[in-house]
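Just below is one structure, and these are the notes that go with it.
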Amino acid sequence: MSTTTTETPAPVAGQRPPKAPRRSRRRGENGLAATIASHGVLTVASLIALFPIAWLVYLSLGPDKDDYLHPGGIWDKMTFSNYSFVLQHTEFFNWLKSSLVVTLGTTAIGVLIAATTGYAVSRMRFPGYKKFMWVLLVTQMFPVAVLMVPMYQILSDLQLIDNYFGLILVYCTTVIPYSAWLLKGYFDTIPFEIDEAGRVDGLTPFGTFFRLVLPLAKPGLAVAAFYNFLTAFSEVAFASTFMLSDDKYTLAVGLQSFVSEHDAQRNLMAATAVLIAIPAAVFFYLVQKNLVTGLTAGGTKG
(Lines give C-alpha, C1' and ligand atoms only; values in the text may rest on other atoms or scores of the structure.)
Protein backbone atom coordinates (compact mmCIF):
# COMPACT_ATOMS: atom_id res chain seq x y z
CA MET A 1 0.00 0.00 0.00
CA SER A 2 1.56 3.27 -1.09
CA THR A 3 0.90 6.71 0.29
CA THR A 4 1.23 9.91 -1.64
CA THR A 5 2.37 13.08 0.06
CA THR A 6 1.89 16.51 -1.43
CA GLU A 7 4.53 19.07 -0.59
CA THR A 8 3.79 22.78 -0.55
CA PRO A 9 6.19 24.54 -2.88
CA ALA A 10 8.55 26.92 -1.13
CA PRO A 11 8.01 30.58 -1.96
CA VAL A 12 10.37 32.02 -4.52
CA ALA A 13 12.70 34.72 -3.28
CA GLY A 14 11.25 38.17 -3.85
CA GLN A 15 7.72 36.82 -4.38
CA ARG A 16 4.90 37.57 -1.94
CA PRO A 17 3.31 34.55 -0.26
CA PRO A 18 -0.21 33.80 -1.49
CA LYS A 19 -3.00 35.49 0.53
CA ALA A 20 -5.31 33.37 2.64
CA PRO A 21 -8.76 33.04 1.13
CA ARG A 22 -11.11 35.73 2.44
CA ARG A 23 -13.90 34.35 4.62
CA SER A 24 -17.26 35.05 3.06
CA ARG A 25 -19.91 36.53 5.34
CA ARG A 26 -22.78 34.24 6.06
CA ARG A 27 -26.27 35.30 5.19
CA GLY A 28 -27.75 37.38 7.99
CA GLU A 29 -24.38 37.87 9.70
CA ASN A 30 -23.59 41.46 10.66
CA GLY A 31 -20.38 43.12 9.66
CA LEU A 32 -17.84 44.48 12.11
CA ALA A 33 -19.19 48.04 11.94
CA ALA A 34 -22.77 46.89 12.50
CA THR A 35 -21.71 44.71 15.44
CA ILE A 36 -19.83 47.57 17.09
CA ALA A 37 -22.75 49.94 16.52
CA SER A 38 -25.32 47.51 17.95
CA HIS A 39 -23.19 46.82 21.02
CA GLY A 40 -22.69 50.53 21.51
CA VAL A 41 -26.43 51.24 21.33
CA LEU A 42 -27.18 48.41 23.77
CA THR A 43 -24.52 49.67 26.18
CA VAL A 44 -25.93 53.21 26.11
CA ALA A 45 -29.48 51.89 26.56
CA SER A 46 -28.37 49.78 29.53
CA LEU A 47 -26.68 52.76 31.16
CA ILE A 48 -29.79 54.88 30.65
CA ALA A 49 -31.95 52.16 32.23
CA LEU A 50 -29.61 51.64 35.18
CA PHE A 51 -28.89 55.30 35.91
CA PRO A 52 -32.17 56.06 37.78
CA ILE A 53 -31.66 53.00 39.99
CA ALA A 54 -28.06 53.90 40.75
CA TRP A 55 -29.04 57.52 41.44
CA LEU A 56 -31.81 56.42 43.82
CA VAL A 57 -29.40 54.17 45.73
CA TYR A 58 -26.90 57.03 45.89
CA LEU A 59 -29.48 59.48 47.27
CA SER A 60 -30.61 56.91 49.85
CA LEU A 61 -27.13 57.03 51.41
CA GLY A 62 -27.37 60.74 52.25
CA PRO A 63 -28.10 61.33 55.97
CA ASP A 64 -30.02 64.62 55.53
CA LYS A 65 -33.42 65.08 53.93
CA ASP A 66 -32.13 67.96 51.76
CA ASP A 67 -29.10 66.13 50.41
CA TYR A 68 -30.86 65.63 47.10
CA LEU A 69 -30.41 69.37 46.51
CA HIS A 70 -26.63 69.01 46.83
CA PRO A 71 -25.89 65.42 45.70
CA GLY A 72 -22.17 66.06 45.40
CA GLY A 73 -21.82 66.30 49.17
CA ILE A 74 -23.27 62.83 49.79
CA TRP A 75 -20.06 61.09 48.76
CA ASP A 76 -18.14 62.28 51.84
CA LYS A 77 -20.86 61.38 54.38
CA MET A 78 -22.44 58.18 53.07
CA THR A 79 -24.28 56.18 55.71
CA PHE A 80 -26.81 53.38 56.02
CA SER A 81 -28.68 55.18 58.81
CA ASN A 82 -31.68 55.77 56.56
CA TYR A 83 -32.14 52.04 56.08
CA SER A 84 -31.83 51.29 59.79
CA PHE A 85 -34.35 54.02 60.61
CA VAL A 86 -36.87 52.72 58.06
CA LEU A 87 -36.53 49.13 59.29
CA GLN A 88 -36.63 49.95 63.01
CA HIS A 89 -38.81 53.03 63.40
CA THR A 90 -41.50 52.74 60.73
CA GLU A 91 -44.25 50.27 59.84
CA PHE A 92 -42.17 48.90 56.99
CA PHE A 93 -42.60 45.22 57.89
CA ASN A 94 -46.37 45.66 58.28
CA TRP A 95 -46.44 47.35 54.89
CA LEU A 96 -44.39 44.49 53.46
CA LYS A 97 -46.76 41.92 54.94
CA SER A 98 -49.78 43.71 53.53
CA SER A 99 -48.18 44.02 50.10
CA LEU A 100 -47.23 40.34 49.99
CA VAL A 101 -50.69 39.20 51.08
CA VAL A 102 -52.47 41.39 48.54
CA THR A 103 -49.97 40.86 45.73
CA LEU A 104 -49.61 37.10 46.02
CA GLY A 105 -53.37 36.72 46.48
CA THR A 106 -54.03 38.80 43.37
CA THR A 107 -51.42 36.86 41.41
CA ALA A 108 -52.77 33.42 42.39
CA ILE A 109 -56.47 34.20 41.92
CA GLY A 110 -55.91 36.35 38.84
CA VAL A 111 -53.79 33.79 37.01
CA LEU A 112 -56.17 30.93 37.86
CA ILE A 113 -59.28 32.74 36.62
CA ALA A 114 -57.51 34.19 33.58
CA ALA A 115 -56.10 30.78 32.65
CA THR A 116 -59.47 29.03 32.80
CA THR A 117 -61.10 31.90 30.89
CA GLY A 118 -58.45 31.97 28.19
CA TYR A 119 -58.53 28.19 27.82
CA ALA A 120 -62.32 28.10 27.54
CA VAL A 121 -62.38 30.76 24.82
CA SER A 122 -59.47 29.14 22.99
CA ARG A 123 -60.90 25.62 22.94
CA MET A 124 -64.69 25.88 23.28
CA ARG A 125 -67.14 27.49 20.88
CA PHE A 126 -70.05 28.55 23.05
CA PRO A 127 -72.54 31.26 22.04
CA GLY A 128 -71.05 34.71 22.42
CA TYR A 129 -67.46 33.62 23.13
CA LYS A 130 -66.02 36.32 20.86
CA LYS A 131 -68.19 39.05 22.35
CA PHE A 132 -67.20 37.87 25.80
CA MET A 133 -63.53 38.58 25.14
CA TRP A 134 -64.38 42.01 23.75
CA VAL A 135 -66.39 42.77 26.87
CA LEU A 136 -63.30 41.97 28.93
CA LEU A 137 -61.31 44.37 26.78
CA VAL A 138 -63.89 47.14 27.16
CA THR A 139 -63.59 46.96 30.95
CA GLN A 140 -60.01 48.21 30.62
CA MET A 141 -61.18 51.45 29.03
CA PHE A 142 -62.66 52.98 32.20
CA PRO A 143 -60.29 55.21 34.20
CA VAL A 144 -59.64 54.66 37.89
CA ALA A 145 -61.47 57.86 38.87
CA VAL A 146 -64.69 56.57 37.32
CA LEU A 147 -64.48 53.16 39.02
CA MET A 148 -63.50 54.43 42.47
CA VAL A 149 -66.93 55.48 43.75
CA PRO A 150 -68.96 52.44 42.61
CA MET A 151 -66.26 50.05 43.81
CA TYR A 152 -66.17 51.77 47.19
CA GLN A 153 -69.94 51.45 47.48
CA ILE A 154 -69.85 47.75 46.57
CA LEU A 155 -67.06 46.97 49.03
CA SER A 156 -68.83 48.97 51.72
CA ASP A 157 -72.04 46.95 51.22
CA LEU A 158 -70.00 43.74 51.42
CA GLN A 159 -68.14 45.03 54.52
CA LEU A 160 -64.81 44.62 52.75
CA ILE A 161 -63.44 48.12 53.30
CA ASP A 162 -60.04 47.96 55.03
CA ASN A 163 -59.92 44.26 54.19
CA TYR A 164 -57.22 42.43 52.26
CA PHE A 165 -59.68 40.28 50.34
CA GLY A 166 -61.63 43.33 49.20
CA LEU A 167 -58.48 44.90 47.75
CA ILE A 168 -57.56 41.61 46.09
CA LEU A 169 -60.97 41.53 44.38
CA VAL A 170 -60.50 45.09 43.15
CA TYR A 171 -57.09 44.26 41.71
CA CYS A 172 -58.46 41.12 40.05
CA THR A 173 -60.94 43.25 38.10
CA THR A 174 -57.92 45.07 36.67
CA VAL A 175 -55.53 42.21 35.92
CA ILE A 176 -57.85 39.41 34.80
CA PRO A 177 -59.08 40.91 31.49
CA TYR A 178 -55.57 41.55 30.15
CA SER A 179 -54.24 38.23 31.47
CA ALA A 180 -57.15 36.35 29.87
CA TRP A 181 -56.35 37.86 26.48
CA LEU A 182 -52.68 37.06 26.94
CA LEU A 183 -53.25 33.44 27.91
CA LYS A 184 -55.90 32.92 25.24
CA GLY A 185 -53.30 33.79 22.62
CA TYR A 186 -50.83 31.42 24.23
CA PHE A 187 -53.31 28.53 24.45
CA ASP A 188 -53.98 28.99 20.71
CA THR A 189 -50.36 27.96 20.06
CA ILE A 190 -50.78 24.62 21.89
CA PRO A 191 -51.94 21.89 19.47
CA PHE A 192 -55.53 20.79 19.91
CA GLU A 193 -54.40 17.18 19.48
CA ILE A 194 -53.17 17.27 23.09
CA ASP A 195 -56.74 17.80 24.29
CA GLU A 196 -57.96 14.97 22.08
CA ALA A 197 -55.25 12.67 23.48
CA GLY A 198 -56.40 13.51 26.99
CA ARG A 199 -59.98 12.62 26.17
CA VAL A 200 -58.86 9.34 24.62
CA ASP A 201 -57.06 8.55 27.90
CA GLY A 202 -60.27 9.18 29.80
CA LEU A 203 -59.46 12.61 31.26
CA THR A 204 -62.20 15.12 31.92
CA PRO A 205 -61.90 18.62 30.43
CA PHE A 206 -60.59 19.88 33.77
CA GLY A 207 -58.16 16.97 33.97
CA THR A 208 -56.90 17.71 30.46
CA PHE A 209 -56.50 21.37 31.33
CA PHE A 210 -54.64 20.91 34.61
CA ARG A 211 -52.57 17.81 33.76
CA LEU A 212 -51.69 18.34 30.10
CA VAL A 213 -52.23 21.93 28.96
CA LEU A 214 -51.09 23.95 31.98
CA PRO A 215 -47.61 22.35 32.14
CA LEU A 216 -47.09 23.37 28.49
CA ALA A 217 -48.29 26.92 29.21
CA LYS A 218 -45.70 27.77 31.87
CA PRO A 219 -44.13 30.63 29.86
CA GLY A 220 -47.51 32.27 29.33
CA LEU A 221 -48.44 31.77 32.97
CA ALA A 222 -45.12 33.34 34.00
CA VAL A 223 -45.85 36.48 31.97
CA ALA A 224 -49.38 36.74 33.38
CA ALA A 225 -48.11 36.20 36.94
CA PHE A 226 -45.42 38.85 36.51
CA TYR A 227 -47.96 41.35 35.17
CA ASN A 228 -50.38 40.62 38.02
CA PHE A 229 -47.62 40.89 40.60
CA LEU A 230 -46.31 44.24 39.39
CA THR A 231 -49.79 45.72 38.97
CA ALA A 232 -50.86 44.86 42.52
CA PHE A 233 -47.44 45.63 44.02
CA SER A 234 -47.16 49.16 42.67
CA GLU A 235 -50.81 50.30 42.68
CA VAL A 236 -51.55 53.33 44.88
CA ALA A 237 -54.99 54.79 44.14
CA PHE A 238 -57.16 51.83 45.16
CA ALA A 239 -54.92 50.84 48.06
CA SER A 240 -54.92 54.33 49.58
CA THR A 241 -58.72 54.56 49.26
CA PHE A 242 -59.83 51.12 50.45
CA MET A 243 -57.20 50.45 53.15
CA LEU A 244 -57.71 52.78 56.13
CA SER A 245 -55.50 51.33 58.89
CA ASP A 246 -51.86 52.34 59.07
CA ASP A 247 -50.73 48.76 59.66
CA LYS A 248 -52.61 47.61 56.53
CA TYR A 249 -51.01 50.06 54.13
CA THR A 250 -49.17 48.50 51.23
CA LEU A 251 -45.59 49.49 50.48
CA ALA A 252 -46.64 51.86 47.72
CA VAL A 253 -49.00 53.70 50.07
CA GLY A 254 -46.54 53.64 52.98
CA LEU A 255 -43.97 55.31 50.76
CA GLN A 256 -46.21 58.36 50.56
CA SER A 257 -46.10 58.84 54.33
CA PHE A 258 -42.61 60.34 54.06
CA VAL A 259 -43.93 63.29 52.05
CA SER A 260 -46.53 65.56 53.64
CA GLU A 261 -47.78 69.09 53.03
CA HIS A 262 -45.16 70.68 55.29
CA ASP A 263 -42.29 68.21 55.22
CA ALA A 264 -40.56 65.85 52.82
CA GLN A 265 -38.11 63.27 54.17
CA ARG A 266 -36.68 62.37 50.80
CA ASN A 267 -33.70 60.52 52.21
CA LEU A 268 -35.99 58.07 54.02
CA MET A 269 -38.25 57.84 51.00
CA ALA A 270 -35.28 56.95 48.78
CA ALA A 271 -34.14 54.24 51.21
CA THR A 272 -37.68 52.82 51.38
CA ALA A 273 -37.93 52.83 47.59
CA VAL A 274 -34.73 50.77 47.35
CA LEU A 275 -36.09 48.26 49.87
CA ILE A 276 -39.41 48.10 48.01
CA ALA A 277 -37.62 47.17 44.78
CA ILE A 278 -36.11 44.03 46.34
CA PRO A 279 -39.30 41.85 46.38
CA ALA A 280 -40.09 42.82 42.78
CA ALA A 281 -36.54 41.97 41.72
CA VAL A 282 -36.72 38.60 43.48
CA PHE A 283 -40.02 37.74 41.78
CA PHE A 284 -38.59 38.79 38.41
CA TYR A 285 -35.59 36.51 38.98
CA LEU A 286 -37.89 33.57 39.71
CA VAL A 287 -39.91 33.93 36.50
CA GLN A 288 -37.37 35.49 34.11
CA LYS A 289 -36.49 32.15 32.47
CA ASN A 290 -39.99 31.91 31.02
CA LEU A 291 -40.68 35.59 30.35
CA VAL A 292 -39.11 35.91 26.89
CA THR A 293 -40.74 32.74 25.59
CA GLY A 294 -44.11 33.71 27.01
CA LEU A 295 -44.00 37.24 25.62
CA THR A 296 -43.33 36.10 22.06
CA ALA A 297 -45.31 32.85 21.79
CA GLY A 298 -48.78 34.38 22.04
CA GLY A 299 -48.38 36.23 18.75
CA THR A 300 -47.51 33.24 16.55
CA LYS A 301 -51.05 32.12 15.88
CA GLY A 302 -54.28 34.07 15.53
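So you can find residues: chains in the C-alpha coordinates are A, B, ... in the order shown, residues in each start at 1, and ligands are numbered from 1 in order.
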
May I have the residues within 12 Å of Ser240 of chain A as a PyMOL selection string, using only C-alpha atoms and disregarding those fewer than 2 positions away in the same chain?
chain A and resi 148+152+161-162+167+234-238+242-246+248-257

Create the file for the chosen residues now, containing N, CA and C atoms and written as a PDB file, in the first residue's frame.
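After the write, result-v6.pdb holds the following:
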ATOM      1  N   MET A 148     -63.760  54.337  41.040  1.00  0.00           N
ATOM      2  CA  MET A 148     -63.496  54.429  42.466  1.00  0.00           C
ATOM      3  C   MET A 148     -64.768  54.457  43.307  1.00  0.00           C
ATOM      4  N   TYR A 152     -66.127  51.495  45.752  1.00  0.00           N
ATOM      5  CA  TYR A 152     -66.169  51.769  47.192  1.00  0.00           C
ATOM      6  C   TYR A 152     -67.539  51.434  47.751  1.00  0.00           C
ATOM      7  N   ILE A 161     -64.328  46.975  53.204  1.00  0.00           N
ATOM      8  CA  ILE A 161     -63.438  48.124  53.304  1.00  0.00           C
ATOM      9  C   ILE A 161     -62.397  47.845  54.382  1.00  0.00           C
ATOM     10  N   ASP A 162     -61.163  48.219  54.127  1.00  0.00           N
ATOM     11  CA  ASP A 162     -60.042  47.958  55.033  1.00  0.00           C
ATOM     12  C   ASP A 162     -59.849  46.458  55.247  1.00  0.00           C
ATOM     13  N   LEU A 167     -59.450  44.308  48.656  1.00  0.00           N
ATOM     14  CA  LEU A 167     -58.476  44.905  47.750  1.00  0.00           C
ATOM     15  C   LEU A 167     -58.017  43.908  46.695  1.00  0.00           C
ATOM     16  N   SER A 234     -47.467  47.744  42.829  1.00  0.00           N
ATOM     17  CA  SER A 234     -47.159  49.165  42.667  1.00  0.00           C
ATOM     18  C   SER A 234     -48.393  50.062  42.657  1.00  0.00           C
ATOM     19  N   GLU A 235     -49.585  49.492  42.760  1.00  0.00           N
ATOM     20  CA  GLU A 235     -50.806  50.302  42.678  1.00  0.00           C
ATOM     21  C   GLU A 235     -50.968  51.156  43.930  1.00  0.00           C
ATOM     22  N   VAL A 236     -51.434  52.385  43.769  1.00  0.00           N
ATOM     23  CA  VAL A 236     -51.550  53.328  44.876  1.00  0.00           C
ATOM     24  C   VAL A 236     -52.992  53.788  45.088  1.00  0.00           C
ATOM     25  N   ALA A 237     -53.693  54.128  44.015  1.00  0.00           N
ATOM     26  CA  ALA A 237     -54.995  54.791  44.140  1.00  0.00           C
ATOM     27  C   ALA A 237     -56.005  53.939  44.906  1.00  0.00           C
ATOM     28  N   PHE A 238     -56.203  52.697  44.484  1.00  0.00           N
ATOM     29  CA  PHE A 238     -57.165  51.828  45.161  1.00  0.00           C
ATOM     30  C   PHE A 238     -56.713  51.500  46.581  1.00  0.00           C
ATOM     31  N   PHE A 242     -59.101  52.223  49.813  1.00  0.00           N
ATOM     32  CA  PHE A 242     -59.834  51.123  50.446  1.00  0.00           C
ATOM     33  C   PHE A 242     -59.165  50.580  51.706  1.00  0.00           C
ATOM     34  N   MET A 243     -57.892  50.897  51.940  1.00  0.00           N
ATOM     35  CA  MET A 243     -57.200  50.452  53.151  1.00  0.00           C
ATOM     36  C   MET A 243     -57.023  51.654  54.070  1.00  0.00           C
ATOM     37  N   LEU A 244     -57.662  51.612  55.240  1.00  0.00           N
ATOM     38  CA  LEU A 244     -57.709  52.775  56.126  1.00  0.00           C
ATOM     39  C   LEU A 244     -56.744  52.672  57.299  1.00  0.00           C
ATOM     40  N   SER A 245     -56.383  51.491  57.731  1.00  0.00           N
ATOM     41  CA  SER A 245     -55.505  51.325  58.892  1.00  0.00           C
ATOM     42  C   SER A 245     -54.047  51.495  58.484  1.00  0.00           C
ATOM     43  N   ASP A 246     -53.273  52.129  59.366  1.00  0.00           N
ATOM     44  CA  ASP A 246     -51.856  52.343  59.066  1.00  0.00           C
ATOM     45  C   ASP A 246     -51.097  51.034  58.910  1.00  0.00           C
ATOM     46  N   LYS A 248     -52.168  48.353  57.713  1.00  0.00           N
ATOM     47  CA  LYS A 248     -52.613  47.608  56.533  1.00  0.00           C
ATOM     48  C   LYS A 248     -52.245  48.316  55.234  1.00  0.00           C
ATOM     49  N   TYR A 249     -51.484  49.404  55.339  1.00  0.00           N
ATOM     50  CA  TYR A 249     -51.008  50.059  54.126  1.00  0.00           C
ATOM     51  C   TYR A 249     -50.087  49.123  53.358  1.00  0.00           C
ATOM     52  N   THR A 250     -50.146  49.212  52.058  1.00  0.00           N
ATOM     53  CA  THR A 250     -49.169  48.503  51.235  1.00  0.00           C
ATOM     54  C   THR A 250     -47.903  49.346  51.143  1.00  0.00           C
ATOM     55  N   LEU A 251     -46.852  48.772  50.575  1.00  0.00           N
ATOM     56  CA  LEU A 251     -45.585  49.493  50.483  1.00  0.00           C
ATOM     57  C   LEU A 251     -45.713  50.759  49.646  1.00  0.00           C
ATOM     58  N   ALA A 252     -46.489  50.682  48.577  1.00  0.00           N
ATOM     59  CA  ALA A 252     -46.641  51.857  47.718  1.00  0.00           C
ATOM     60  C   ALA A 252     -47.334  52.996  48.446  1.00  0.00           C
ATOM     61  N   VAL A 253     -48.308  52.667  49.300  1.00  0.00           N
ATOM     62  CA  VAL A 253     -49.002  53.697  50.074  1.00  0.00           C
ATOM     63  C   VAL A 253     -48.117  54.169  51.226  1.00  0.00           C
ATOM     64  N   GLY A 254     -47.431  53.257  51.888  1.00  0.00           N
ATOM     65  CA  GLY A 254     -46.542  53.643  52.977  1.00  0.00           C
ATOM     66  C   GLY A 254     -45.440  54.565  52.526  1.00  0.00           C
ATOM     67  N   LEU A 255     -45.017  54.437  51.275  1.00  0.00           N
ATOM     68  CA  LEU A 255     -43.965  55.306  50.759  1.00  0.00           C
ATOM     69  C   LEU A 255     -44.412  56.769  50.758  1.00  0.00           C
ATOM     70  N   GLN A 256     -45.704  56.998  50.587  1.00  0.00           N
ATOM     71  CA  GLN A 256     -46.211  58.364  50.559  1.00  0.00           C
ATOM     72  C   GLN A 256     -46.171  59.035  51.927  1.00  0.00           C
ATOM     73  N   SER A 257     -46.071  58.252  52.987  1.00  0.00           N
ATOM     74  CA  SER A 257     -46.101  58.837  54.328  1.00  0.00           C
ATOM     75  C   SER A 257     -44.867  59.681  54.626  1.00  0.00           C
TER      76      SER A 257
END

Fewer than 3 positions away in the same chain doesn't count, so skip those; otherwise give me all residues within 10 Å of segment 121-136 of chain A, counting only C-alpha atoms, as a ChimeraX atom specification.
/A:116-118,139-141,173-174,176-178,180-181,183-190,192,195

In segment 124-299 of chain A, what's helix (DSSP H, G or I) per DSSP? Answer as a PyMOL selection string?
chain A and resi 129-141+144-157+164-187+193-200+205-216+218-234+237-242+246-248+251-256+266-297

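When atom CA of Gly110 of chain A is paired with atom CA of Ala197 of chain A, their separation reads 28.2 Å.
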
Which residue out of A:Val44, A:Leu212, A:Leu69, A:Ala54 has the minimum interatomic distance to Val274 of chain A when only C-alpha atoms are used?
A:Ala54

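Reported to one decimal place, the separation of atom CA of Leu221 of chain A from atom CA of Glu196 of chain A is 22.2 Å.
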